[in-house]
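Structure file start-v1.csv with CSV, C-alpha atoms:
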```
chain,number,residue,atom,x,y,z
P,25,MET,CA,80.1,91.4,172.3
P,26,VAL,CA,82.7,89.2,170.5
P,27,TYR,CA,84.6,92.2,169.2
P,28,LEU,CA,84.4,93.9,172.6
P,29,THR,CA,85.9,90.8,174.2
P,30,LEU,CA,88.5,90.5,171.5
P,31,THR,CA,89.6,94.1,172.0
P,32,LEU,CA,89.9,93.6,175.8
P,33,ALA,CA,91.7,90.3,175.4
P,34,THR,CA,94.2,91.8,172.9
P,35,TRP,CA,95.5,94.1,175.5
P,36,ILE,CA,95.1,92.0,178.6
P,37,PHE,CA,96.9,89.0,177.1
P,38,TYR,CA,99.6,91.0,175.3
P,39,PRO,CA,102.9,89.7,176.6
P,40,SER,CA,104.4,93.0,177.7
P,41,LEU,CA,101.2,94.1,179.5
P,42,SER,CA,99.9,91.0,181.3
P,43,PRO,CA,99.7,90.8,184.2
P,44,VAL,CA,99.8,94.5,185.0
P,45,LEU,CA,97.4,95.0,187.9
P,46,PRO,CA,98.0,93.9,191.5
P,47,GLY,CA,95.8,91.1,192.6
P,48,PHE,CA,95.0,90.0,189.0
P,49,ASP,CA,97.5,87.3,188.4
P,50,ASP,CA,95.1,85.3,186.3
P,51,PRO,CA,94.4,87.0,182.9
P,52,GLU,CA,91.2,84.9,182.6
P,53,ILE,CA,89.8,86.5,185.7
P,54,LEU,CA,90.9,90.0,184.6
P,55,LEU,CA,89.3,89.4,181.2
P,56,ARG,CA,86.0,88.3,182.8
P,57,ASP,CA,85.9,91.2,185.2
P,58,SER,CA,86.9,93.7,182.5
P,59,PHE,CA,84.2,92.4,180.2
P,60,ALA,CA,81.5,92.8,182.9
P,61,GLY,CA,82.8,96.3,183.7
P,62,ALA,CA,82.8,97.3,180.0
P,63,LEU,CA,79.2,96.2,179.5
P,64,SER,CA,78.2,98.2,182.5
P,65,LEU,CA,80.2,101.2,181.3
P,66,PHE,CA,78.9,101.1,177.8
P,67,GLY,CA,75.3,101.0,179.1
P,68,GLN,CA,74.5,97.9,177.1
P,69,LEU,CA,73.5,95.5,179.9
P,70,PRO,CA,71.5,97.2,182.7
P,71,THR,CA,70.1,94.9,185.4
P,72,PRO,CA,67.5,93.4,185.2
P,73,PHE,CA,67.6,93.2,181.5
P,74,PRO,CA,65.7,91.0,178.9
P,75,MET,CA,68.2,89.0,176.8
P,76,ARG,CA,67.0,87.6,173.5
P,77,PRO,CA,68.4,84.5,171.7
P,78,SER,CA,68.8,86.2,168.4
P,79,ARG,CA,69.6,89.8,167.5
P,80,GLN,CA,68.9,91.6,164.3
P,81,ASN,CA,71.2,94.5,165.2
P,82,SER,CA,73.4,95.8,167.9
P,83,THR,CA,70.6,97.6,169.7
P,84,VAL,CA,67.6,95.3,169.3
P,85,SER,CA,67.6,94.2,173.0
P,86,LEU,CA,67.6,97.8,174.0
P,87,THR,CA,64.6,98.5,171.8
P,88,SER,CA,62.8,95.5,173.2
P,89,VAL,CA,62.0,97.4,176.4
P,90,LEU,CA,59.6,100.3,176.7
P,91,PRO,CA,60.9,103.5,175.1
P,92,THR,CA,60.6,105.4,178.4
P,93,GLU,CA,62.8,102.7,180.0
P,94,ALA,CA,65.3,102.5,177.1
P,95,ALA,CA,65.9,106.2,177.2
P,96,LYS,CA,67.4,105.8,180.6
P,97,TYR,CA,70.3,103.7,179.3
P,98,PRO,CA,73.5,105.5,178.2
P,99,ALA,CA,73.8,103.6,174.9
P,100,THR,CA,70.3,104.7,173.6
P,101,HIS,CA,70.9,108.2,174.8
P,102,ARG,CA,74.2,108.4,172.9
P,103,ILE,CA,72.5,107.1,169.7
P,104,SER,CA,69.8,109.8,169.9
P,105,GLN,CA,72.4,112.4,170.4
P,106,PHE,CA,74.5,111.1,167.5
P,107,LEU,CA,71.7,111.1,165.0
P,108,SER,CA,70.7,114.6,165.9
P,109,ALA,CA,74.3,115.9,165.7
P,110,PHE,CA,74.9,114.0,162.5
P,111,ARG,CA,71.9,115.7,160.8
P,112,LEU,CA,73.0,119.1,162.0
P,113,VAL,CA,76.7,118.8,161.0
P,114,MET,CA,76.4,116.7,157.8
P,115,PRO,CA,72.8,117.2,156.5
P,116,GLU,CA,73.6,116.2,152.9
P,117,LEU,CA,75.3,112.8,153.9
P,118,ALA,CA,72.5,112.2,156.5
P,119,SER,CA,69.9,112.8,153.8
P,120,TYR,CA,71.8,110.5,151.4
P,121,PHE,CA,71.8,107.8,154.1
P,122,ASP,CA,68.0,108.2,154.5
P,123,ASP,CA,67.5,107.8,150.8
P,124,GLU,CA,69.6,104.6,150.9
P,125,GLY,CA,67.6,103.3,153.9
P,126,ILE,CA,70.5,103.1,156.3
P,127,GLY,CA,70.1,106.2,158.5
P,128,GLY,CA,67.6,104.8,161.0
P,129,TRP,CA,67.9,104.6,164.8
P,130,GLY,CA,68.1,100.8,164.9
P,131,ASP,CA,70.4,100.3,161.9
P,132,ASP,CA,73.3,97.9,162.4
P,133,TRP,CA,76.0,100.4,161.8
P,134,VAL,CA,74.5,103.0,164.2
P,135,GLY,CA,74.4,100.5,167.0
P,136,GLY,CA,77.9,99.3,166.4
P,137,TRP,CA,79.5,102.7,166.0
P,138,VAL,CA,77.8,104.5,168.8
P,139,GLY,CA,76.5,101.8,171.2
P,140,TRP,CA,79.7,99.7,171.1
P,141,PHE,CA,82.3,102.4,170.5
P,142,CYS,CA,83.4,101.0,167.2
P,143,ALA,CA,84.6,97.8,168.8
P,144,LYS,CA,84.1,95.8,165.6
P,145,GLU,CA,84.5,98.6,163.0
P,146,LEU,CA,87.9,99.7,164.0
P,147,ASN,CA,90.0,96.6,163.5
P,148,GLY,CA,93.2,95.9,161.7
P,149,LYS,CA,96.9,96.6,162.2
P,150,ILE,CA,96.5,100.4,162.2
P,151,ASN,CA,92.9,100.7,163.5
P,152,ASP,CA,93.6,98.5,166.6
P,153,ASP,CA,96.0,101.2,167.8
P,154,VAL,CA,93.5,103.9,166.8
P,155,LYS,CA,90.8,102.3,168.8
P,156,ALA,CA,93.1,101.9,171.8
P,157,ARG,CA,93.9,105.6,171.6
P,158,LEU,CA,90.2,106.6,171.4
P,159,TRP,CA,89.1,104.3,174.2
P,160,ASP,CA,92.0,105.7,176.4
P,161,VAL,CA,90.6,109.2,175.8
P,162,TYR,CA,87.0,108.2,176.5
P,163,PHE,CA,87.4,106.1,179.6
P,164,SER,CA,90.3,107.9,181.3
P,165,SER,CA,88.1,111.0,181.6
P,166,PRO,CA,86.3,110.9,185.0
P,167,PRO,CA,82.7,112.1,185.5
P,168,THR,CA,82.4,115.8,186.1
P,169,SER,CA,81.2,115.3,189.6
P,170,SER,CA,80.3,112.6,192.0
P,171,GLU,CA,76.6,113.5,191.6
P,172,ASP,CA,76.9,112.7,187.9
P,173,GLU,CA,78.4,109.4,188.6
P,174,ASP,CA,75.6,108.5,191.0
P,175,ASP,CA,73.0,109.4,188.5
P,176,GLY,CA,74.6,107.2,185.8
P,177,GLU,CA,75.8,110.1,183.7
P,178,THR,CA,78.8,109.6,181.4
P,179,GLY,CA,82.1,111.4,181.7
P,180,PRO,CA,83.3,114.1,179.2
P,181,GLY,CA,85.5,111.6,177.4
P,182,GLU,CA,82.8,109.1,176.8
P,183,ASP,CA,80.5,111.8,175.5
P,184,LEU,CA,83.1,112.8,172.9
P,185,HIS,CA,82.6,109.5,171.1
P,186,ILE,CA,79.4,110.8,169.5
P,187,TYR,CA,81.4,113.5,167.8
P,188,VAL,CA,84.3,111.2,167.0
P,189,CYS,CA,81.8,109.1,165.0
P,190,ILE,CA,80.8,112.2,163.0
P,191,ALA,CA,84.5,113.1,162.4
P,192,LEU,CA,85.1,109.5,161.1
P,193,LEU,CA,82.2,109.8,158.8
P,194,LYS,CA,83.5,113.2,157.6
P,195,SER,CA,86.9,111.7,156.9
P,196,CYS,CA,85.4,109.2,154.4
P,197,ALA,CA,82.4,111.2,153.2
P,198,ASP,CA,83.7,111.5,149.7
P,199,ALA,CA,83.8,107.8,149.3
P,200,LEU,CA,80.4,107.2,151.0
P,201,GLU,CA,78.6,109.7,148.8
P,202,VAL,CA,79.3,107.6,145.6
P,203,LEU,CA,78.5,104.2,147.0
P,204,GLU,CA,75.2,102.3,147.1
P,205,GLN,CA,73.5,100.8,150.1
P,206,SER,CA,75.3,97.5,150.3
P,207,GLU,CA,78.7,99.1,149.6
P,208,ILE,CA,78.1,101.8,152.2
P,209,ARG,CA,77.3,99.1,154.8
P,210,THR,CA,80.5,97.2,153.9
P,211,LEU,CA,82.6,100.3,154.4
P,212,LEU,CA,80.8,101.3,157.7
P,213,GLN,CA,81.2,97.7,159.1
P,214,GLN,CA,85.0,97.8,158.5
P,215,LEU,CA,86.5,101.2,158.4
P,216,PRO,CA,89.5,102.0,156.2
P,217,PRO,CA,92.8,102.7,158.1
P,218,VAL,CA,92.6,105.9,160.1
P,219,GLU,CA,95.9,107.6,159.5
P,220,ASP,CA,95.5,110.6,161.8
P,221,VAL,CA,93.7,109.8,165.0
P,222,GLU,CA,94.8,113.0,166.7
P,223,GLY,CA,93.3,114.9,163.8
P,224,ILE,CA,90.0,113.0,164.3
P,225,LEU,CA,90.0,113.9,168.0
P,226,ARG,CA,90.6,117.6,167.2
P,227,GLU,CA,87.8,117.6,164.6
P,228,ALA,CA,85.5,115.8,167.0
P,229,LYS,CA,86.0,118.6,169.6
P,230,ARG,CA,85.3,121.2,167.0
P,231,ILE,CA,82.1,119.4,165.9
P,232,LYS,CA,81.0,119.1,169.6
P,233,GLU,CA,81.4,122.8,170.1
P,234,ARG,CA,79.4,123.5,166.9
P,235,ALA,CA,76.6,121.1,167.9
P,236,LEU,CA,76.4,122.4,171.5
P,237,LEU,CA,76.3,126.0,170.2
P,238,ALA,CA,73.5,125.2,167.7
P,239,GLU,CA,71.6,123.5,170.5
P,240,LYS,CA,72.0,126.5,172.8
P,241,GLU,CA,70.8,128.9,170.0
P,242,GLU,CA,67.8,126.7,169.2
P,243,GLU,CA,66.9,126.6,172.9
P,244,GLU,CA,67.2,130.3,173.3
P,245,GLY,CA,65.2,130.9,170.2
P,246,TYR,CA,62.4,128.6,171.4
P,247,ILE,CA,62.3,130.4,174.8
P,248,ALA,CA,62.2,133.8,173.0
P,249,ARG,CA,59.4,132.7,170.7
P,250,LYS,CA,57.5,131.3,173.7
P,251,ASN,CA,57.9,134.5,175.7
P,252,SER,CA,56.9,136.6,172.7
P,253,GLY,CA,53.8,134.5,172.2
P,254,GLY,CA,52.9,134.8,175.8
P,255,SER,CA,53.4,138.6,175.8
P,256,ARG,CA,51.1,139.0,172.7
P,257,SER,CA,48.4,136.9,174.3
P,258,GLY,CA,48.6,139.0,177.5
P,259,SER,CA,48.4,142.2,175.5
P,260,GLU,CA,45.4,141.0,173.5
P,261,LYS,CA,43.7,139.9,176.7
P,262,GLY,CA,44.3,143.3,178.4
P,263,SER,CA,43.0,145.2,175.4
```
Would you give me this structure, written as structure tokens?
Amino acid sequence: MVYLTLTLATWIFYPSLSPVLPGFDDPEILLRDSFAGALSLFGQLPTPFPMRPSRQNSTVSLTSVLPTEAAKYPATHRISQFLSAFRLVMPELASYFDDEGIGGWGDDWVGGWVGWFCAKELNGKINDDVKARLWDVYFSSPPTSSEDEDDGETGPGEDLHIYVCIALLKSCADALEVLEQSEIRTLLQQLPPVEDVEGILREAKRIKERALLAEKEEEEGYIARKNSGGSRSGSEKGS
């Protein structure tokens, strides 16, 4: 939350940008309202929601509720999608992370990357601008329909972040594969400068297409196997 607030404050209090919105002459009020809006948008603070005095990782308060309830929150849904797509697109790196004990659902870096949109991990002179570009893409994309918005679904831009995370991992995979657990965690908690953010966005879109195609093929295969099994059973029964 500290890094989320810092990111918002950097742009709200920047001399050439503040104040920029009619009716928000006080940057303090704008920051407060923006922070509340960001928490709601990120799906990190549904209401009512149990807060805990200490947090072992970025998603521990989400996992403190029943799994069936947690699954309703956008942040947990994004994390599940990310882990599935990560294993599909980069199975060797995902397996290496498992061996090092850092590939789990509740791991610090997973919650920070996916649940908080790399608010902490993308920091520094270059990466602050990278984060601004990515967030602009995510949150300027409206939901696909009003029904989606009413149901709490995310827009197409926000959904892209899952695949941006994989593209970022892919960009530093060579370095990650030769590091040990503590070194991997250090790198993942503070990403090196991202020199080509547009390239990351293009790669993320390609990864998304690949993941969705694989998901569709898997679903069609499952339906075909199910129908085939049903047909055999019917034939055997008739004979």
Surrounding residues of range 221-233 of chain P excluding itself and chain neighbours under 5 positions, 7 Å, only C-alpha atoms, as JSON, numbers by chain: {"P": [154, 187, 188, 191, 192]}
Two-atom distance - CA of Ser58 in chain P, CA of Ala33 in chain P (Å):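 Atom-to-atom, CA of Ser58 in chain P and CA of Ala33 in chain P are spaced 9.2 Å apart.
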Computed interatomic separation between CA of Lys155 in chain P and CA of Thr29 in chain P (Å): 13.6 Å
Counting all atoms listed in the file, the option among P:Asp198, P:Asp123, P:Glu204, P:Asp131 closest to Leu107 in chain P: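 Of P:Asp198, P:Asp123, P:Glu204, P:Asp131, the one nearest Leu107 in chain P is P:Asp131, counting all atoms listed in the file.
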Coordinates-based distance that separates CA of Val161 in chain P from CA of Glu52 in chain P (Å, one decimal): 25.2 Å
For Ile53 in chain P, the nearest of the candidates P:Leu30, P:Ile36, P:Ile190, P:Val134, counting all atoms listed in the file: P:Ile36
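Here the question is which of P:Asp122, P:Glu116, P:Asp50, P:Glu145 gets nearest to Leu212 in chain P using all atoms listed in the file, and that residue is P:Glu145.
Between Trp140 in chain P and the residues P:Cys189, P:Leu215, P:Leu200, P:Val113, the shortest atom-to-atom distance, using all atoms listed in the file, involves P:Cys189.
If you count only C-alpha atoms and ignore residues fewer than 5 places along the chain from Ile208 in chain P, what sits within 12 Å of it is Leu117, Tyr120, Phe121, Glu124, Gly125, Ile126, Gly127, Asp132, Trp133, Leu193, Cys196, Ala197, Asp198, Ala199, Leu200, Glu201, Val202, Leu203, Gln213, Gln214 and Leu215 of chain P.
When the distance limit is 12 Å and only C-alpha atoms are what count, the residues near Asp152 in chain P, minus those fewer than 4 positions from it on the same chain, are Tyr27, Leu28, Leu30, Thr31, Leu32, Thr34, Trp35, Cys142, Ala143, Lys144, Glu145, Leu146, Asn147, Gly148, Ala156, Arg157, Leu158, Trp159, Gln214, Leu215, Pro216, Pro217, Val218, Glu219 and Val221 of chain P.
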